[in-house]
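To start, the structure itself, in structure tokens.
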4 protein chains.
Amino acid sequence: MTPEYPTSLGTSDADTITLLGQDLAADLIGKVGFGELTLWMVTQRRPSAPEVRVFESVLVALADHGFTPTAIAARLTYLSAPDSLQGALAAGLLGGGSRFLGVTEDCGQFLAATLAEADPVPVDDAGFDELALAAVRQARAAKKFIPGLGHPVHKVQDPRTPVLIEIATEEGLRGPHLRLFEAIGRVHPQVLGRTLPLNGAGTCGAVLADLGLPLAMLRGFALLARAAGLLGQLAEEQRMPIANDIYMHVDRNAAYVTPKSE
Amino acid sequence: MTPEYPTSLGTSDADTITLLGQDLAADLIGKVGFGELTLWMVTQRRPSAPEVRVFESVLVALADHGFTPTAIAARLTYLSAPDSLQGALAAGLLGGGSRFLGVTEDCGQFLAATLAEADPVPVDDAGFDELALAAVRQARAAKKFIPGLGHPVHKVQDPRTPVLIEIATEEGLRGPHLRLFEAIGRVHPQVLGRTLPLNGAGTCGAVLADLGLPLAMLRGFALLARAAGLLGQLAEEQRMPIANDIYMHVDRNAAYVTPKSE
Amino acid sequence: MTPEYPTSLGTSDADTITLLGQDLAADLIGKVGFGELTLWMVTQRRPSAPEVRVFESVLVALADHGFTPTAIAARLTYLSAPDSLQGALAAGLLGGGSRFLGVTEDCGQFLAATLAEADPVPVDDAGFDELALAAVRQARAAKKFIPGLGHPVHKVQDPRTPVLIEIATEEGLRGPHLRLFEAIGRVHPQVLGRTLPLNGAGTCGAVLADLGLPLAMLRGFALLARAAGLLGQLAEEQRMPIANDIYMHVDRNAAYVTPKSE
Amino acid sequence: MTPEYPTSLGTSDADTITLLGQDLAADLIGKVGFGELTLWMVTQRRPSAPEVRVFESVLVALADHGFTPTAIAARLTYLSAPDSLQGALAAGLLGGGSRFLGVTEDCGQFLAATLAEADPVPVDDAGFDELALAAVRQARAAKKFIPGLGHPVHKVQDPRTPVLIEIATEEGLRGPHLRLFEAIGRVHPQVLGRTLPLNGAGTCGAVLADLGLPLAMLRGFALLARAAGLLGQLAEEQRMPIANDIYMHVDRNAAYVTPKSE
């Protein structure tokens with residue numbers, strides 16, 4: 001009994017390449033954008049033009065944040081193994097975990113879980129405020145952070161947030177996840193006693209969740225955006241290298257301390 | 001003496017995020033596409049609309065090839081470590097080396113090296129044919145393969161090749177790399193004694209080289225395209241898993257053989 | 001103000017390499033085994049001979065499990081990118097996550113957390129049985145699995161478990177984590193209504209925790225053991241390749257299904 | 001026709017785990033060291049005690065070199081994704097490429113290729129000197145570096161080199177690769193016009209080649225040694241973190257430069 005492996009993505013024979021049931025050469029190349037194809041591959045449903053615009057806005061918002069730990073790790077890996085660009089890119093992506101790049105997914109998951117327990121889902125701002133207030137109180141009681149709230153640099157406002165909300169609104173795709181996130185922005189000061197900004201990564205998570213994307217893939221979109229940013233970082237490293245200077249700086253400022261046992 | 005680390009990519013302060021000298025929120029999000037931004041970050045020069053269309057055509061052409069070794073490796077890694085999507089994506093990209101994904105860069109490099117030795121660069125098909133003939137003869141004498149020539153499945157024609165040439169031509173971006181590659185397609189039979197197709201991955205390399213992209217980054221674009229394809233594969237694995245069946249198939253058909261020493 | 005980066009690991013000057021405060025060439029090479037050095041680097045305390053023997057027993061127990069998803073992923077990555085052995089090894093290790101390789105750490109963490117709440121820590125089997133019973137009941141009430149309990153193949157007994165317990169006992173290093181784990185083995189049937197084996201990976205976690213190793217590093221030792229196993233897998237792939245057959249098997253048995261939207 | 005996948009490594013059934021034809025629990029755990037098992041898995045031949053001692057000496061020599069680019073990349077990745085130790089370890093290993101960790105394999109390959117062309121292989125120092133002289137002259141004529149010659153820090157002598165030679169000699173395993181490497185150390189000044197040290201990584205390559213290990217796996221042993229070193233680095237990062245300081249240092253000393261087009 002030979003197993004079968006079902007797929008709706010790519011297959012090919014001698015003359016044709018099929019992807020998502022489309023003829024790759026005749027129907028996709030040159031006719032479908034890269035962001036559009038990505039959305040289509042992940043959802044296996046052809047996206048609308050508004051969905052593509054919102055999706056690409058998110059990717060642009062997340063593509064590069066300068067000298068993050070992931071960008072530095074990618075550059076150092078490229079310094080050490082210039083024969084393997086894939087290794088440098090992979091090393092950069094491996095930093096896409098809970099602390100720096102995970103907020104997008106964590107926020108989407110948090111909003112979706114909150115909405116899943118709402119009965120019914122609110123229809124106006126007052127309703128979202130009420131739901132948000134309960135969620136913030138519950139998080140505080142459990143001593144948990146609200147994903148997407150606060151930013152180490154943009155302490156008052158993350159400039160990406162209003163722009164992303166505006167684009168989602170323009171395209172008719174401002175849904176319950178984003179509305180709940182905005183409500184969290186309005187109500188949290190009365191629980192936490194201080195005002196934090198809604199950060200861009202969290203807003204991206206809300207927007208992606210409103211696009212109906214699988215929650216367990218949200219981190220993946222942040223990683224794709226970051227992959228493009230890392231290509232920018234690595235091309236710049238080829239042209240104007242800094243990794244060796246970073247290495248030298250760390251190595252020369254090493255301070256030996258006598259080992260202490262545990 | 002504190003070192004400085006120059007960059008033209010992302011920086012930020014409390015109120016603004018700057019990327020490539022642009023205000024990310026005001027000038028990029030929602031106004032620039034993801035492919036456009038990627039090109040811009042890599043070249044640090046704003047691309048034209050024709051360049052973006054050709055570039056996205058290449059990314060679409062390379063995004064997914066079905067159950068390649070890289071797709072299978074990513075799915076198996078996700079099976080084994082579902083808590084770390086970045087690890088599954090990275091594992092898939094690490095297969096982007098010399099054999100399956102490297103053709104794009106190898107072909108671009110080969111064409112660029114051939115053109116670098118041409119003096120002057122040809123201006124008509126006859127000139128490109130002559131240059132191609134010399135290059136194919138030299139490769140054959142050195143018992144080397146021409147990167148981009150031949151395909152294990154598409155033995156007569158890779159359906160992506162004519163479409164990519166057509167799009168580059170439409171956009172006024174069919175340059176010397178692609179023309180040389182086409183000439184190789186015309187002349188190689190008289191040297192090799194058989195007719196091989198110009199494959200799609202090689203054509204992508206020629207097209208990317210004509211866009212003036214850094215040759216040492218060409219593999220990177222194949223990796224970015226594949227990153228999107230891997231998100232498709234991993235989303236499908238979440239929805240309709242096959243990795244465990246593959247694992248079971250291999251494990252159950254293991255045949256123990258007594259070790260032989262070297 | 002230049003930062004300083006403290007370390008007790010390696011430093012060097014023109015004539016000497018120092019590691020852990022020792023002269024690498026004079027005091028370590030040829031005098032200290034590889035397992036011994038690993039323990040020393042992680043704990044920054046010179047291990048005793050019994051600790052080294054127990055530690056190496058764990059590494060041997062975890063080194064290779066045949067055609068696991070990680071071994072297959074490493075082989076497929078090597079097929080695809082044979083120019084980058086480090087990529088194939090990294091791809092294999094990236095499967096070292098929650099499902100297949102994480103048990104060692106999860107079990108150590110579970111046992112340590114249970115002991116941390118015990119007041120006082122038991123001194124005899126009756127005391128450990130009581131603590132184990134409470135822990136198993138609590139896990140069942142929370143609908144959680146006990147890490148280290150049960151095995152898909154070794155349904156009655158994992159052959160590694162009694163050997164590891166014996167070695168820890170011989171070396172005087174059978175401590176509270178392992179005793180609690182053994183107690184879980186004795187008492188769980190009265191709560192769960194069926195008898196599951198204590199698996200080898202979980203036993204390794206208990207043993208490593210009794211060595212006083214940092215709990216957040218336990219997964220790391222499983223990864224190191226697996227790195228050696230993956231070298232075995234990749235050397236065998238060079239000598240007697242199977243990755244291409246696996247790829248061909250999956251590709252040829254792909255069954256195209258029409259995409260369904262979410 | 002179901003394919004079969006041959007292996008001589010691990011297999012298991014309900015009661016037994018077999019590795020290399022041995023009963024893992026009865027014959028290997030606690031009886032075979034970790035280095036010994038690694039050698040055995042790679043060569044599929046049980047190593048002798050002298051081979052194990054020499055092999056572990058090499059692993060100890062290569063385990064940690066302080067704040068190398070790979071160690072820094074691993075620490076930054078751990079900072080960014082502390083939930084995925086395997087990702088941090090993999091990121092560190094991905095720097096094990098041509099520039100920093102590849103010397104071991106490059107040197108072994110160079111020596112093996114030189115010996116393969118020698119007819120017959122020399123039997124005394126005079127013969128090795130002659131062969132070395134020809135090889136150094138040929139490399140210089142081709143404007144190639146000799147792998148293993150020279151070191152950025154140890155400009156006169158790498159302290160690991162004489163110790164490794166001594167251990168190989170003591171154990172009766174100083175073979176033609178190492179003798180040729182030593183000869184290169186003696187004769188190169190008369191060709192290059194200056195005296196360079198034989199570095200430790202190159203010496204390791206010579207020693208591993210004399211152990212009869214597969215040349216295409218030599219980089220793998222450097223990676224295994226480094227995996228242990230990276231566990232030390234990551235354990236130290238948990239205890240006494242520096243990655244955030246490195247990140248802050250780079251980020252704060254970023255100097256924005258206006259993009260120049262290519």
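Convention: chains lettered A, B, ... in structure tokens order; per-chain residue numbering from 1; ligands numbered from 1 as shown.
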Would you give me, as a PyMOL selection string, the residues of chain D that come within 6 Å of chain A, using only C-alpha atoms?
chain D and resi 67+69+73+76-77+80-81+87+91+94-95+97-100+247+251
Expected answer as a VMD selection string: helix (DSSP H, G or I) residues in range 73-197 of chain B:
chain B and resid 73 to 80 85 to 93 103 to 117 125 to 141 160 to 170 176 to 192
If you count only C-alpha atoms, which residues fall within 10 Å of Ile146 in chain D, apart from same-chain ones fewer than 5 positions away, as a compact mmCIF listing (two decimals) with N, CA, C and O atoms, in the first residue's frame?
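selection34.txt, freshly written:
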```
# COMPACT_ATOMS: atom_id res chain seq x y z
N VAL D 103 38.62 25.86 7.97
CA VAL D 103 40.04 25.56 7.77
C VAL D 103 40.34 24.09 8.01
O VAL D 103 41.14 23.48 7.30
N ASP D 106 39.33 22.23 4.94
CA ASP D 106 40.13 22.68 3.79
C ASP D 106 41.54 22.15 3.88
O ASP D 106 42.12 21.73 2.87
N CYS D 107 42.10 22.16 5.08
CA CYS D 107 43.47 21.71 5.25
C CYS D 107 43.57 20.20 5.02
O CYS D 107 44.45 19.73 4.30
N PHE D 110 43.31 19.58 1.35
CA PHE D 110 44.52 20.00 0.63
C PHE D 110 45.63 18.96 0.80
O PHE D 110 46.30 18.56 -0.16
N LEU D 111 45.81 18.50 2.03
CA LEU D 111 46.87 17.51 2.29
C LEU D 111 46.56 16.20 1.58
O LEU D 111 47.45 15.59 0.97
N ALA D 135 54.23 21.53 -3.36
CA ALA D 135 52.84 21.95 -3.12
C ALA D 135 52.77 23.44 -2.80
O ALA D 135 51.87 24.15 -3.27
N VAL D 136 53.70 23.92 -1.99
CA VAL D 136 53.70 25.35 -1.64
C VAL D 136 54.00 26.19 -2.87
O VAL D 136 53.36 27.22 -3.11
N ALA D 139 50.87 26.24 -5.04
CA ALA D 139 49.85 27.12 -4.47
C ALA D 139 50.21 28.58 -4.70
O ALA D 139 49.37 29.40 -5.09
N ARG D 140 51.48 28.91 -4.51
CA ARG D 140 51.90 30.29 -4.70
C ARG D 140 51.75 30.72 -6.16
O ARG D 140 51.27 31.82 -6.45
N ILE D 184 55.28 21.28 5.50
CA ILE D 184 54.90 22.60 4.99
C ILE D 184 55.36 23.69 5.96
O ILE D 184 55.85 24.74 5.55
N HIS D 188 57.90 26.29 3.94
CA HIS D 188 57.23 27.42 3.29
C HIS D 188 58.02 28.72 3.34
O HIS D 188 57.89 29.54 2.43
N GLY D 202 44.07 23.90 11.30
CA GLY D 202 44.67 23.12 10.22
C GLY D 202 45.28 21.83 10.73
O GLY D 202 45.12 20.76 10.13
```
Mind checking which residues fall within 9 Å of range 167-174 of chain C, counting only C-alpha atoms, ignoring those fewer than 3 positions away in the same chain, and posting them as a list in words?
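Returned residues: Ala49, Pro50, Glu51, Arg53, Val54, Ser57, Pro162, Val163, Leu164, His177, Leu178, Arg179, Val207, Asp210 and Leu211 of chain C; Ile29 and Gly30 of chain D.
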Could you pull the residues within 10 Å of range 118-123 of chain A, counting only C-alpha atoms, minus those fewer than 6 positions along the same chain, as a PyMOL selection string?
chain A and resi 112+129-131+176+179-180
With only C-alpha atoms as the counted atoms, please give the residues lying no more than 6 Å from range 225-236 of chain A, apart from itself and same-chain residues fewer than 5 positions off, as a list in words.
Leu59, Leu62, Ala63 and Asp64 of chain A; Thr38, Met41 and Val42 of chain B
What lies within 9 Å of Thr161 in chain D using only C-alpha atoms, ignoring chain neighbours under 3 positions off, as an MDAnalysis selection string?
(chainID C and resid 25) or (chainID D and resid 157:158 164:166 197:204)
Store the residues of this selection in a file with C-alpha atoms, as a tab-separated table (two decimals), in the first residue's frame.
```
chain	number	residue	atom	x	y	z
C	25	ALA	CA	47.12	23.53	25.22
D	157	GLN	CA	53.06	29.74	17.14
D	158	ASP	CA	49.58	28.43	17.74
D	164	LEU	CA	48.25	17.88	18.98
D	165	ILE	CA	51.34	16.58	17.17
D	166	GLU	CA	52.67	15.20	20.41
D	197	PRO	CA	52.70	29.32	12.10
D	198	LEU	CA	50.82	26.08	11.46
D	199	ASN	CA	47.49	26.91	13.03
D	200	GLY	CA	45.51	24.65	15.33
D	201	ALA	CA	42.48	24.28	13.09
D	202	GLY	CA	44.67	23.12	10.22
D	203	THR	CA	46.54	20.72	12.47
D	204	CYS	CA	43.19	19.28	13.52
```
